[in-house]
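Novice: As input, take data_5.cif (mmCIF, C-alpha atoms):
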```cif
data_data
loop_
_atom_site.label_atom_id
_atom_site.label_comp_id
_atom_site.auth_asym_id
_atom_site.auth_seq_id
_atom_site.Cartn_x
_atom_site.Cartn_y
_atom_site.Cartn_z
CA MET A 1 58.03 50.82 -144.11
CA SER A 2 58.15 49.11 -140.74
CA GLU A 3 54.99 47.21 -140.07
CA SER A 4 52.88 48.24 -137.13
CA LYS A 5 51.84 45.83 -134.40
CA GLU A 6 48.35 45.77 -135.87
CA HIS A 7 49.70 44.92 -139.32
CA ILE A 8 51.68 42.00 -137.97
CA ALA A 9 48.74 40.64 -135.96
CA PHE A 10 46.53 41.05 -139.01
CA GLN A 11 48.90 39.15 -141.30
CA GLU A 12 49.23 36.43 -138.66
CA LYS A 13 45.49 35.92 -138.66
CA ILE A 14 45.48 35.76 -142.45
CA ASP A 15 48.34 33.27 -142.49
CA ASN A 16 46.47 31.07 -139.99
CA ASP A 17 43.27 31.22 -142.08
CA ILE A 18 41.36 33.11 -139.42
CA LYS A 19 38.64 35.17 -141.09
CA ILE A 20 38.65 38.93 -140.80
CA GLU A 21 35.32 40.27 -139.55
CA PRO A 22 33.84 43.75 -140.09
CA LYS A 23 34.82 45.22 -136.75
CA ASP A 24 38.36 43.80 -136.75
CA TRP A 25 41.31 46.06 -137.44
CA MET A 26 42.39 45.87 -141.09
CA PRO A 27 44.81 47.87 -143.24
CA ASP A 28 43.05 50.59 -145.15
CA GLU A 29 44.35 49.15 -148.41
CA TYR A 30 42.79 45.76 -147.60
CA ARG A 31 39.47 47.50 -146.97
CA GLN A 32 39.71 49.48 -150.20
CA MET A 33 40.69 46.43 -152.27
CA LEU A 34 37.72 44.54 -150.87
CA ILE A 35 35.27 47.38 -151.44
CA ARG A 36 36.50 47.53 -155.02
CA GLN A 37 36.32 43.78 -155.65
CA VAL A 38 33.11 42.92 -153.80
CA SER A 39 31.19 45.89 -155.18
CA GLN A 40 32.29 45.02 -158.72
CA HIS A 41 31.11 41.52 -158.03
CA ALA A 42 27.75 42.86 -156.80
CA HIS A 43 27.37 45.13 -159.82
CA SER A 44 28.15 42.18 -162.09
CA GLU A 45 25.30 40.16 -160.60
CA ILE A 46 22.86 43.02 -161.10
CA VAL A 47 24.00 44.07 -164.59
CA GLY A 48 24.20 40.37 -165.47
CA MET A 49 20.43 40.17 -165.18
CA LEU A 50 20.05 42.38 -168.27
CA PRO A 51 21.38 40.19 -171.11
CA GLU A 52 19.46 37.18 -169.82
CA GLY A 53 16.33 39.09 -168.90
CA ASN A 54 16.23 40.01 -172.57
CA TRP A 55 15.12 36.44 -173.38
CA ILE A 56 12.67 35.61 -170.58
CA THR A 57 9.57 36.49 -172.60
CA ARG A 58 10.88 34.56 -175.60
CA ALA A 59 12.00 31.37 -173.87
CA PRO A 60 10.97 28.47 -176.12
CA SER A 61 9.12 26.42 -173.50
CA LEU A 62 7.70 26.70 -170.00
CA ARG A 63 10.55 24.54 -168.67
CA ARG A 64 13.09 26.95 -170.14
CA LYS A 65 11.16 29.96 -168.93
CA VAL A 66 10.89 28.93 -165.27
CA GLY A 67 14.56 27.96 -165.25
CA LEU A 68 15.71 31.25 -166.72
CA LEU A 69 13.37 33.24 -164.50
CA ALA A 70 14.68 31.50 -161.39
CA LYS A 71 18.25 32.07 -162.51
CA VAL A 72 17.76 35.78 -163.13
CA GLN A 73 16.00 36.10 -159.78
CA ASP A 74 18.99 34.39 -158.16
CA GLU A 75 21.32 36.97 -159.71
CA ALA A 76 19.29 39.72 -158.04
CA GLY A 77 19.61 37.90 -154.71
CA HIS A 78 23.33 37.41 -155.24
CA GLY A 79 23.75 41.10 -155.97
CA LEU A 80 22.04 41.84 -152.66
CA TYR A 81 24.22 39.42 -150.66
CA LEU A 82 27.28 41.07 -152.12
CA TYR A 83 26.09 44.65 -151.58
CA SER A 84 25.37 43.58 -148.02
CA ALA A 85 28.93 42.25 -147.66
CA THR A 86 30.34 45.46 -149.17
CA GLU A 87 28.31 47.63 -146.83
CA SER A 88 29.89 45.85 -143.88
CA LEU A 89 33.17 47.49 -144.97
CA GLY A 90 31.73 50.90 -144.14
CA ILE A 91 30.33 52.14 -147.42
CA ASP A 92 26.68 52.77 -148.20
CA ARG A 93 24.64 50.96 -150.80
CA ILE A 94 23.53 54.22 -152.31
CA GLU A 95 27.12 55.27 -152.85
CA LEU A 96 27.98 51.94 -154.45
CA ILE A 97 25.10 52.38 -156.86
CA GLN A 98 26.22 55.89 -157.67
CA GLN A 99 29.69 54.52 -158.44
CA LEU A 100 28.18 52.04 -160.87
CA HIS A 101 26.09 54.70 -162.57
CA SER A 102 28.97 57.15 -162.91
CA GLY A 103 31.26 54.51 -164.38
CA GLN A 104 33.72 54.87 -161.50
CA SER A 105 33.10 51.24 -160.51
CA LYS A 106 33.28 48.47 -163.09
CA TYR A 107 31.39 45.22 -163.54
CA SER A 108 32.29 42.08 -165.41
CA ASN A 109 33.10 42.80 -169.03
CA ILE A 110 31.10 39.85 -170.23
CA PHE A 111 27.80 41.63 -169.72
CA ASN A 112 28.71 44.24 -172.28
CA TYR A 113 28.15 41.69 -175.03
CA PRO A 114 24.66 41.28 -176.51
CA THR A 115 22.47 38.16 -176.39
CA LEU A 116 21.52 37.84 -180.04
CA THR A 117 19.90 34.39 -180.12
CA TRP A 118 18.33 31.90 -177.72
CA ALA A 119 21.52 29.84 -177.89
CA ASP A 120 23.31 32.74 -176.19
CA ILE A 121 21.31 31.94 -173.06
CA GLY A 122 22.70 28.42 -173.25
CA ALA A 123 26.24 29.63 -173.82
CA ILE A 124 25.99 32.13 -170.95
CA GLY A 125 24.81 29.48 -168.51
CA TRP A 126 27.41 26.99 -169.62
CA LEU A 127 30.45 29.24 -170.15
CA VAL A 128 29.82 32.51 -168.33
CA ASP A 129 28.33 30.93 -165.23
CA GLY A 130 30.91 28.18 -165.50
CA ALA A 131 33.69 30.76 -165.38
CA ALA A 132 31.97 32.69 -162.60
CA ILE A 133 31.53 29.54 -160.51
CA MET A 134 35.20 28.63 -160.96
CA ASN A 135 36.10 31.99 -159.50
CA GLN A 136 33.46 31.87 -156.78
CA VAL A 137 34.29 28.40 -155.54
CA SER A 138 37.82 29.67 -154.99
CA LEU A 139 36.51 32.81 -153.25
CA GLN A 140 34.60 30.77 -150.67
CA ARG A 141 37.97 30.67 -148.92
CA THR A 142 38.57 34.43 -149.11
CA SER A 143 39.88 35.97 -145.90
CA TYR A 144 37.00 38.42 -145.36
CA GLY A 145 34.21 36.70 -143.42
CA PRO A 146 31.10 38.35 -144.91
CA TYR A 147 32.42 37.92 -148.47
CA SER A 148 33.27 34.30 -147.80
CA ARG A 149 29.82 33.55 -146.37
CA ALA A 150 28.12 35.24 -149.33
CA MET A 151 30.22 33.10 -151.67
CA VAL A 152 29.26 29.88 -149.92
CA ARG A 153 25.59 30.70 -150.29
CA ILE A 154 26.00 31.83 -153.89
CA CYS A 155 27.92 28.71 -154.92
CA LYS A 156 25.24 26.50 -153.45
CA GLU A 157 22.57 28.30 -155.44
CA GLU A 158 24.49 28.63 -158.68
CA SER A 159 25.05 24.96 -159.20
CA PHE A 160 21.88 24.81 -161.26
CA HIS A 161 22.76 27.84 -163.37
CA GLN A 162 25.49 26.15 -165.33
CA ARG A 163 23.44 23.00 -165.78
CA GLN A 164 20.44 24.84 -167.22
CA GLY A 165 22.75 26.49 -169.76
CA TYR A 166 24.48 23.26 -170.68
CA GLU A 167 21.11 21.55 -171.04
CA ILE A 168 20.06 24.23 -173.54
CA MET A 169 23.30 23.72 -175.47
CA THR A 170 22.88 19.94 -175.41
CA THR A 171 19.31 20.17 -176.71
CA LEU A 172 20.32 22.55 -179.51
CA SER A 173 23.28 20.39 -180.48
CA ASN A 174 20.93 17.43 -180.84
CA GLY A 175 18.53 19.48 -182.96
CA THR A 176 18.33 20.57 -186.57
CA GLU A 177 21.35 21.83 -188.52
CA LYS A 178 20.15 25.34 -187.94
CA GLN A 179 19.90 24.80 -184.18
CA LYS A 180 23.35 23.23 -184.09
CA ALA A 181 24.77 26.17 -186.01
CA MET A 182 23.10 28.55 -183.58
CA ALA A 183 24.73 26.78 -180.60
CA GLN A 184 28.12 26.84 -182.35
CA ASP A 185 27.78 30.53 -183.15
CA ALA A 186 27.00 31.31 -179.51
CA THR A 187 30.00 29.25 -178.38
CA ASN A 188 32.20 31.12 -180.86
CA ARG A 189 31.07 34.51 -179.62
CA PHE A 190 31.18 33.75 -175.87
CA TRP A 191 34.37 31.69 -175.67
CA TRP A 192 36.98 34.47 -175.64
CA PRO A 193 34.97 36.91 -173.51
CA SER A 194 34.49 34.06 -170.99
CA LEU A 195 38.27 33.57 -170.77
CA MET A 196 38.62 37.33 -170.23
CA MET A 197 36.32 37.10 -167.21
CA PHE A 198 39.27 35.91 -165.12
CA GLY A 199 40.92 39.29 -165.60
CA PRO A 200 44.35 40.33 -166.82
CA SER A 201 47.13 37.76 -166.93
CA ASP A 202 49.16 37.40 -163.75
CA LYS A 203 52.04 39.29 -165.33
CA GLU A 204 49.84 42.33 -165.87
CA SER A 205 47.49 42.23 -162.92
CA ILE A 206 48.33 45.14 -160.64
CA HIS A 207 46.28 43.93 -157.69
CA SER A 208 47.22 40.27 -157.73
CA SER A 209 50.19 39.88 -155.39
CA LYS A 210 48.72 41.86 -152.47
CA SER A 211 45.41 40.17 -153.02
CA LEU A 212 47.00 36.73 -152.73
CA LYS A 213 49.14 37.77 -149.76
CA TRP A 214 46.02 38.93 -147.94
CA LYS A 215 44.06 35.96 -149.25
CA ILE A 216 41.36 38.13 -150.76
CA LYS A 217 41.89 35.97 -153.83
CA ARG A 218 43.06 32.43 -153.22
CA GLU A 219 44.14 31.52 -156.73
CA SER A 220 45.58 33.72 -159.44
CA ASN A 221 43.70 34.80 -162.57
CA ASP A 222 45.78 32.53 -164.82
CA GLU A 223 45.40 29.49 -162.56
CA LEU A 224 41.62 29.83 -162.53
CA ARG A 225 41.51 30.48 -166.27
CA GLN A 226 43.46 27.29 -166.92
CA GLN A 227 41.14 25.25 -164.68
CA PHE A 228 38.18 26.63 -166.57
CA VAL A 229 39.62 25.75 -169.99
CA ASP A 230 40.47 22.25 -168.78
CA ARG A 231 36.87 21.66 -167.75
CA ALA A 232 35.01 23.48 -170.50
CA VAL A 233 36.77 21.95 -173.50
CA PRO A 234 35.74 18.32 -172.82
CA GLN A 235 32.23 19.53 -171.97
CA GLY A 236 32.02 21.25 -175.34
CA GLU A 237 33.48 18.31 -177.24
CA LEU A 238 30.91 16.03 -175.67
CA ILE A 239 28.11 17.96 -177.36
CA GLY A 240 29.97 18.46 -180.63
CA MET A 241 31.05 22.06 -180.13
CA THR A 242 34.34 23.41 -181.42
CA PHE A 243 36.21 26.40 -180.04
CA PRO A 244 37.38 29.44 -182.01
CA ASP A 245 41.03 28.97 -181.11
CA PRO A 246 43.43 27.22 -183.50
CA ASP A 247 46.04 26.97 -180.72
CA LEU A 248 43.75 25.06 -178.38
CA LYS A 249 45.10 21.56 -177.85
CA TRP A 250 45.71 19.01 -175.12
CA ASN A 251 49.25 19.06 -173.77
CA GLU A 252 50.30 15.61 -172.66
CA ASP A 253 53.33 16.96 -170.74
CA THR A 254 51.55 19.56 -168.63
CA GLY A 255 48.28 17.68 -168.31
CA HIS A 256 46.46 20.84 -169.34
CA TYR A 257 45.07 22.38 -172.48
CA ASP A 258 47.26 24.94 -174.22
CA PHE A 259 45.35 27.87 -175.61
CA GLY A 260 46.02 30.95 -177.70
CA GLU A 261 46.73 34.50 -176.61
CA ILE A 262 43.74 36.52 -175.43
CA ASP A 263 43.04 39.72 -177.34
CA TRP A 264 43.87 42.11 -174.50
CA GLU A 265 43.20 45.11 -176.69
CA GLU A 266 39.57 44.08 -176.91
CA PHE A 267 39.53 43.46 -173.15
CA LYS A 268 40.80 46.98 -172.41
CA ASN A 269 38.55 48.50 -174.99
CA VAL A 270 35.41 46.95 -173.49
CA ILE A 271 36.45 47.82 -169.92
CA ASN A 272 36.95 51.39 -170.97
CA GLY A 273 33.37 51.66 -172.11
CA ASN A 274 33.56 50.77 -175.78
CA GLY A 275 31.98 47.31 -175.77
CA PRO A 276 28.83 46.69 -177.78
CA CYS A 277 26.43 47.26 -174.86
CA ASN A 278 28.22 49.33 -172.18
CA LYS A 279 26.08 52.42 -172.61
CA GLU A 280 22.84 50.50 -172.86
CA ARG A 281 23.57 48.55 -169.67
CA ILE A 282 24.27 51.63 -167.60
CA ARG A 283 21.31 53.45 -169.09
CA ALA A 284 19.06 50.55 -168.09
CA ARG A 285 20.41 50.56 -164.51
CA ILE A 286 20.00 54.32 -164.12
CA LYS A 287 16.45 54.10 -165.45
CA ALA A 288 15.57 51.23 -163.11
CA ASP A 289 16.91 53.20 -160.14
CA ALA A 290 15.04 56.36 -161.14
CA ASP A 291 11.83 54.45 -161.86
CA GLY A 292 11.98 52.80 -158.45
CA ARG A 293 12.51 56.05 -156.59
CA TRP A 294 8.82 56.76 -156.03
CA VAL A 295 8.36 53.30 -154.52
CA ARG A 296 11.06 53.95 -151.91
CA ASP A 297 9.71 57.42 -151.22
CA ALA A 298 6.16 56.11 -150.86
CA ALA A 299 7.22 53.24 -148.60
CA LEU A 300 9.12 55.63 -146.34
CA ALA A 301 6.22 58.10 -146.21
CA TYR A 302 3.85 55.25 -145.34
CA ALA A 303 6.17 53.98 -142.60
CA LYS A 304 6.46 57.49 -141.12
CA ASN A 305 2.71 58.01 -141.03
CA LYS A 306 1.88 54.68 -139.47
CA MET B 1 30.91 53.95 -123.01
CA GLU B 2 31.50 53.03 -119.41
CA ASP B 3 30.79 49.31 -119.68
CA GLY B 4 33.18 48.84 -122.57
CA CYS B 5 30.35 48.13 -125.00
CA GLU B 6 28.98 50.58 -127.43
CA THR B 7 25.74 50.86 -129.26
CA GLN B 8 26.47 51.07 -132.92
CA HIS B 9 25.62 49.74 -136.30
CA TRP B 10 26.39 46.12 -135.64
CA LEU B 11 28.35 45.43 -138.75
CA MET B 12 29.83 48.85 -139.17
CA PRO B 13 33.60 48.71 -138.78
CA ARG B 14 35.28 50.83 -136.15
CA THR B 15 37.64 52.92 -138.10
CA ASN B 16 38.76 56.48 -138.44
CA ASN B 17 39.73 56.33 -142.05
CA ILE B 18 36.25 55.77 -143.44
CA LYS B 19 33.69 58.49 -143.10
CA ASN B 20 30.13 57.51 -142.50
CA HIS B 21 28.65 58.43 -145.84
CA LYS B 22 25.09 57.60 -144.94
CA PHE B 23 23.82 61.09 -144.33
CA MET B 24 26.12 62.73 -146.84
CA SER B 25 24.90 60.62 -149.70
CA GLU B 26 21.28 60.88 -148.68
CA GLU B 27 21.54 64.62 -148.45
CA ALA B 28 23.24 64.83 -151.79
CA THR B 29 20.60 62.83 -153.63
CA GLY B 30 17.49 63.18 -151.49
CA ASP B 31 17.09 59.46 -152.06
CA SER B 32 17.01 56.93 -149.27
CA GLN B 33 18.36 53.43 -149.23
CA LEU B 34 15.93 52.61 -146.37
CA PRO B 35 17.02 51.44 -142.90
CA LEU B 36 19.05 48.26 -142.45
CA TRP B 37 17.71 45.06 -140.85
CA GLU B 38 19.70 42.00 -139.87
CA VAL B 39 18.17 38.65 -140.83
CA PHE B 40 18.24 35.44 -138.77
CA ILE B 41 16.97 32.06 -139.99
CA GLN B 42 16.08 28.93 -138.06
CA SER B 43 16.77 26.07 -140.44
CA LYS B 44 15.06 23.24 -138.50
CA PRO B 45 12.92 22.86 -135.40
CA GLY B 46 15.20 22.66 -132.40
CA LEU B 47 18.09 24.63 -133.91
CA ALA B 48 18.97 28.22 -133.06
CA HIS B 49 18.28 31.13 -135.39
CA LYS B 50 21.45 31.92 -137.28
CA HIS B 51 22.55 35.19 -138.90
CA ALA B 52 22.04 35.10 -142.67
CA GLY B 53 22.69 38.66 -143.84
CA ASN B 54 20.73 41.88 -144.07
CA VAL B 55 18.13 43.77 -146.07
CA HIS B 56 16.98 47.36 -146.42
CA ALA B 57 13.33 48.08 -145.58
CA THR B 58 11.07 50.73 -144.09
CA ASP B 59 9.57 48.51 -141.41
CA GLY B 60 9.63 45.02 -139.96
CA GLU B 61 6.94 43.68 -142.21
CA MET B 62 8.68 44.80 -145.38
CA ALA B 63 12.00 43.57 -143.98
CA LEU B 64 10.52 40.12 -143.43
CA GLN B 65 9.10 39.95 -146.93
CA ASN B 66 12.38 41.12 -148.46
CA ALA B 67 14.31 38.68 -146.29
CA ARG B 68 12.07 35.84 -147.43
CA ASP B 69 12.70 36.74 -151.07
CA VAL B 70 16.44 37.26 -150.64
CA TYR B 71 17.49 34.64 -148.08
CA GLY B 72 14.68 32.09 -148.31
CA ARG B 73 14.33 31.07 -151.93
CA ARG B 74 15.24 27.42 -151.32
CA ASN B 75 13.61 26.18 -148.13
CA GLU B 76 16.41 27.63 -146.02
CA GLY B 77 14.32 27.55 -142.91
CA ILE B 78 11.10 27.40 -140.99
CA SER B 79 11.36 30.66 -139.09
CA MET B 80 12.87 34.06 -139.72
CA TRP B 81 13.67 37.06 -137.51
CA VAL B 82 14.49 40.56 -138.66
CA VAL B 83 16.11 42.99 -136.23
CA PRO B 84 16.89 46.69 -136.82
CA ALA B 85 20.66 46.73 -137.30
CA ASN B 86 21.05 49.73 -134.99
CA ALA B 87 19.28 47.87 -132.17
CA ILE B 88 22.13 45.41 -131.86
CA THR B 89 24.91 46.11 -129.37
CA ALA B 90 28.04 44.12 -130.04
CA SER B 91 31.24 43.48 -128.13
CA SER B 92 34.41 44.87 -129.68
CA PRO B 93 37.24 42.75 -131.09
CA GLU B 94 39.75 44.92 -129.18
CA ASP B 95 38.09 44.01 -125.89
CA GLN B 96 37.83 40.34 -126.73
CA SER B 97 40.39 39.08 -124.23
CA SER B 98 39.29 41.18 -121.27
CA PHE B 99 35.62 40.68 -122.10
CA PHE B 100 35.84 36.90 -122.09
CA ASP B 101 38.58 36.75 -119.46
CA PRO B 102 36.32 35.64 -116.56
CA ALA B 103 35.92 32.25 -118.25
CA ASN B 104 39.61 31.62 -118.84
CA ASP B 105 40.88 30.56 -115.44
CA LYS B 106 37.94 28.51 -114.25
CA VAL B 107 39.03 25.04 -115.17
CA TYR B 108 36.79 23.67 -112.42
CA ARG B 109 33.81 24.41 -114.67
CA HIS B 110 34.88 21.56 -116.94
CA PRO B 111 34.33 17.87 -116.15
CA SER B 112 37.97 17.04 -116.90
CA PHE B 113 38.97 18.97 -113.72
CA TYR B 114 37.56 16.23 -111.50
CA GLU B 115 39.34 12.98 -110.82
CA LEU B 116 37.54 9.70 -111.13
CA LYS B 117 38.44 6.40 -109.62
CA ASP B 118 39.43 3.85 -112.29
CA GLY B 119 36.62 1.56 -113.27
CA VAL B 120 33.75 3.88 -112.45
CA LYS B 121 31.12 3.79 -115.17
CA PHE B 122 28.38 6.03 -116.52
CA MET B 123 29.78 9.28 -115.15
#
```
Rewrite the structure of this file - the entire thing - as C-alpha cells.

Specialist:
Amino acid sequence: MSESKEHIAFQEKIDNDIKIEPKDWMPDEYRQMLIRQVSQHAHSEIVGMLPEGNWITRAPSLRRKVGLLAKVQDEAGHGLYLYSATESLGIDRIELIQQLHSGQSKYSNIFNYPTLTWADIGAIGWLVDGAAIMNQVSLQRTSYGPYSRAMVRICKEESFHQRQGYEIMTTLSNGTEKQKAMAQDATNRFWWPSLMMFGPSDKESIHSSKSLKWKIKRESNDELRQQFVDRAVPQGELIGMTFPDPDLKWNEDTGHYDFGEIDWEEFKNVINGNGPCNKERIRARIKADADGRWVRDAALAYAKNK
Amino acid sequence: MEDGCETQHWLMPRTNNIKNHKFMSEEATGDSQLPLWEVFIQSKPGLAHKHAGNVHATDGEMALQNARDVYGRRNEGISMWVVPANAITASSPEDQSSFFDPANDKVYRHPSFYELKDGVKFM
C-alpha cells in the first residue's frame, strides 16, 4: 500500500515527537487502537475501585482508612481523565460504558481476582499499583496529546498509592507470625497476576509493533515487565517476602532478574471471562450505572425547569 | 464557514470515518451522559487559566463542583472556570499555516531586527 501524503506527514510528526491532538489528521487504525487502549485503561481504573472498596469499611485504623479512601477516590478521578481523553477521539462516554457492560471492551485482568484479606490491600498497592505506575510512567510520552496529559496527572497522583500499599506490607511483615503469613500469602497470590498486567509477551502481542511505531506505547510489554521485576524483587526482599517462582534469580551477566514462564493459559482464561470475579465485577458496574440513572434524569429535569 | 473557522465541539476530531454517536446512543438507551464542559484552572495568582480536561454536568454549578472533585483534589489551583464545550470555536489544524501566516514575514516586530551601535547599554 502506498502511503498517502497525510500518512507520511503523520509519521513525520510521530518520529519528531510532536504530539497528535484531537483535531489533527490521524490514520483510522491509530484512532481505533487508541480508543481501545485508553478506554480499557479507563475501565480498569473504575473496575479497580471494586476490590479495594471492599475493604474500606474494615480498614484496621483511621490512618489506613483515609489512605485507602483517598486512593479509591483517585481511581475514580483517573477513570474520568481517561474517559475524557477517549471521548476526544470521537466516541461517547455512554458508548464506552456500554462496551464495558457488554464485555466487548476489556479491563485489566488483575481486578478479576478477589481481595480475601487486609494484606491484599497492601499487595495491591505495592505490586498492582507498582506495575500500573511502571506502565503509566512510560505512557506519559505517548504520542496522543490528551492521553499523555492524563498520564502526567495520574502519575503525579499515584505516587502515594504504591507507598501506602508498601507501608501496609512493611507493617504486617514486622507483626505477628500470623500477620507475616498473611502478607506472604497476599504476595504469593498477587505476584503472577501482577506480571500478567503487562500483557502478552512481545512475541505474541498482536498490537505491539504498530503501537511502538506510532508511539502509542513507548516500551514493549516485556521490557516493562522486566523493569518491574527488577524493582519489585529487592523491595520484597527488604521486608522479608519471598516470591512464588523457583526460577526467579539475579543474573549477573544481564544485570536483570531471570524469572519463570507466565501461565498464559490462566491469562487467557481470565481475559475470556472465567476469572474468579469477572461476573461479579461487571454486575456491580451495571448495577451502579442503573442505580445512578435517576440522579442523572433528575439533574437534567431540574436544569431544564430552571 | 466563510471565515475558515467553524463552531464545533472543541475537542471533537474532524473526521468522516467516525459517526457522531451522541444522539444515536442516547436514543437507544434513553439515558443521558449530560452535556460536556471544559475545565480551566489558574494554579497561582498572576498565572493564566490553563486547560485541565472536561466533565459532564447539567449546568455550570454542577460542572464546577464536579471539576473541583475531579481536577482539584490536591490544591491544583486557586480559581477554576468551566465553559460549555460547544461554546468554544477553535481554529483547524489544516488551516494552521494560512491562519497564522500574517505573523510569519514581519521580522520587524522582533527586537533583533533593529541594529544597535556597539557599546550601547540598557536597551

Novice: Determine the residue membership of the PyMOL selection byres ((chain B and resi 81-88) around 9) for the file above and supply it as a PyMOL selection string.

Specialist: chain B and resi 7-11+35-42+49+54-55+59-61+63-64+67+79-80+89-90

Novice: Within 12 Å of (31.7, 30.0, -162.2) in the file's own coordinates, which protein, DNA or RNA residues have an atom, counting only C-alpha atoms? List them as a short mmCIF file (atom, residue, chain, number, x, y, z; two decimals) with C-alpha atoms, in the coordinates of the input.

Specialist:
```cif
data_model
loop_
_atom_site.label_atom_id
_atom_site.label_comp_id
_atom_site.auth_asym_id
_atom_site.auth_seq_id
_atom_site.Cartn_x
_atom_site.Cartn_y
_atom_site.Cartn_z
CA ILE A 124 25.99 32.13 -170.95
CA GLY A 125 24.81 29.48 -168.51
CA TRP A 126 27.41 26.99 -169.62
CA LEU A 127 30.45 29.24 -170.15
CA VAL A 128 29.82 32.51 -168.33
CA ASP A 129 28.33 30.93 -165.23
CA GLY A 130 30.91 28.18 -165.50
CA ALA A 131 33.69 30.76 -165.38
CA ALA A 132 31.97 32.69 -162.60
CA ILE A 133 31.53 29.54 -160.51
CA MET A 134 35.20 28.63 -160.96
CA ASN A 135 36.10 31.99 -159.50
CA GLN A 136 33.46 31.87 -156.78
CA VAL A 137 34.29 28.40 -155.54
CA SER A 138 37.82 29.67 -154.99
CA LEU A 139 36.51 32.81 -153.25
CA GLN A 140 34.60 30.77 -150.67
CA MET A 151 30.22 33.10 -151.67
CA ILE A 154 26.00 31.83 -153.89
CA CYS A 155 27.92 28.71 -154.92
CA LYS A 156 25.24 26.50 -153.45
CA GLU A 157 22.57 28.30 -155.44
CA GLU A 158 24.49 28.63 -158.68
CA SER A 159 25.05 24.96 -159.20
CA PHE A 160 21.88 24.81 -161.26
CA HIS A 161 22.76 27.84 -163.37
CA GLN A 162 25.49 26.15 -165.33
CA ARG A 163 23.44 23.00 -165.78
CA SER A 194 34.49 34.06 -170.99
CA LEU A 195 38.27 33.57 -170.77
CA MET A 197 36.32 37.10 -167.21
CA PHE A 198 39.27 35.91 -165.12
CA LEU A 224 41.62 29.83 -162.53
CA ARG A 225 41.51 30.48 -166.27
CA GLN A 227 41.14 25.25 -164.68
CA PHE A 228 38.18 26.63 -166.57
CA VAL A 229 39.62 25.75 -169.99
CA ARG A 231 36.87 21.66 -167.75
CA ALA A 232 35.01 23.48 -170.50
#
```

Novice: Which residues match the PyMOL selection byres ((chain A and resi 212-216) around 12) in the file above, as JSON, numbers by chain?

Specialist: {"A": [7, 8, 10, 11, 12, 13, 14, 15, 16, 17, 18, 19, 20, 26, 27, 29, 30, 31, 32, 33, 34, 35, 36, 37, 38, 135, 136, 138, 139, 140, 141, 142, 143, 144, 145, 146, 147, 148, 202, 205, 206, 207, 208, 209, 210, 211, 217, 218, 219, 220, 221]}

Novice: Applied to this file, what does the PyMOL selection byres ((chain A) within 8 of (chain B)) return in terms of residues, put as a VMD selection string?

Specialist: chain A and resid 22 to 25 28 77 80 to 81 84 87 to 95 293 296 to 297 299 to 300 303

Novice: Separation of CA of Glu167 in chain A and CA of Gly260 in chain A, in Å?

Specialist: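 CA of Gly260 in chain A lies 27.4 Å from CA of Glu167 in chain A.
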
Novice: Can you work out the spacing between CA of His51 in chain B and CA of Gln96 in chain B in Å, to one decimal?

Specialist: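 Those two atoms sit 20.2 Å apart.
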
Novice: How many Å separate CA of Asp185 in chain A from CA of Ser108 in chain A?

Specialist: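 One can read the CA of Asp185 in chain A to CA of Ser108 in chain A distance as 21.6 Å.
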
Novice: Would you mind telling me which residue in A:Gly79, A:Gly165, A:Gly275, A:Gly236 lies nearest to His43 in chain A when using only C-alpha atoms?

Specialist: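 The closest residue to His43 in chain A is A:Gly79.
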
Novice: Set the distance at 12 Å and use only C-alpha atoms: which residues neighbour Glu266 in chain A once local chain neighbours fewer than 6 positions away are removed? I'd like the list as a list in words.

Specialist: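 Selected residues are Asn109, Ile110, Asn112, Tyr113, Trp192, Pro193, Met196, Pro200, Asn272, Gly273, Asn274, Gly275 and Pro276 of chain A.
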
Novice: Which residue out of A:Ile282, A:Gln226, A:Lys71, A:Gln98 has the minimum interatomic distance to Gly255 in chain A when all atoms listed in the file are used?

Specialist: A:Gln226

Novice: Specify the axis-aligned box that encloses all atoms of range 209-212 of chain A listed in the file after padding of 3 Å on each side, stating its centre and edge lengths in Å to one decimal as JSON.

Specialist:
```
{"center_x": 47.8, "center_y": 39.3, "center_z": -153.9, "size_x": 10.8, "size_y": 11.1, "size_z": 8.9}
```
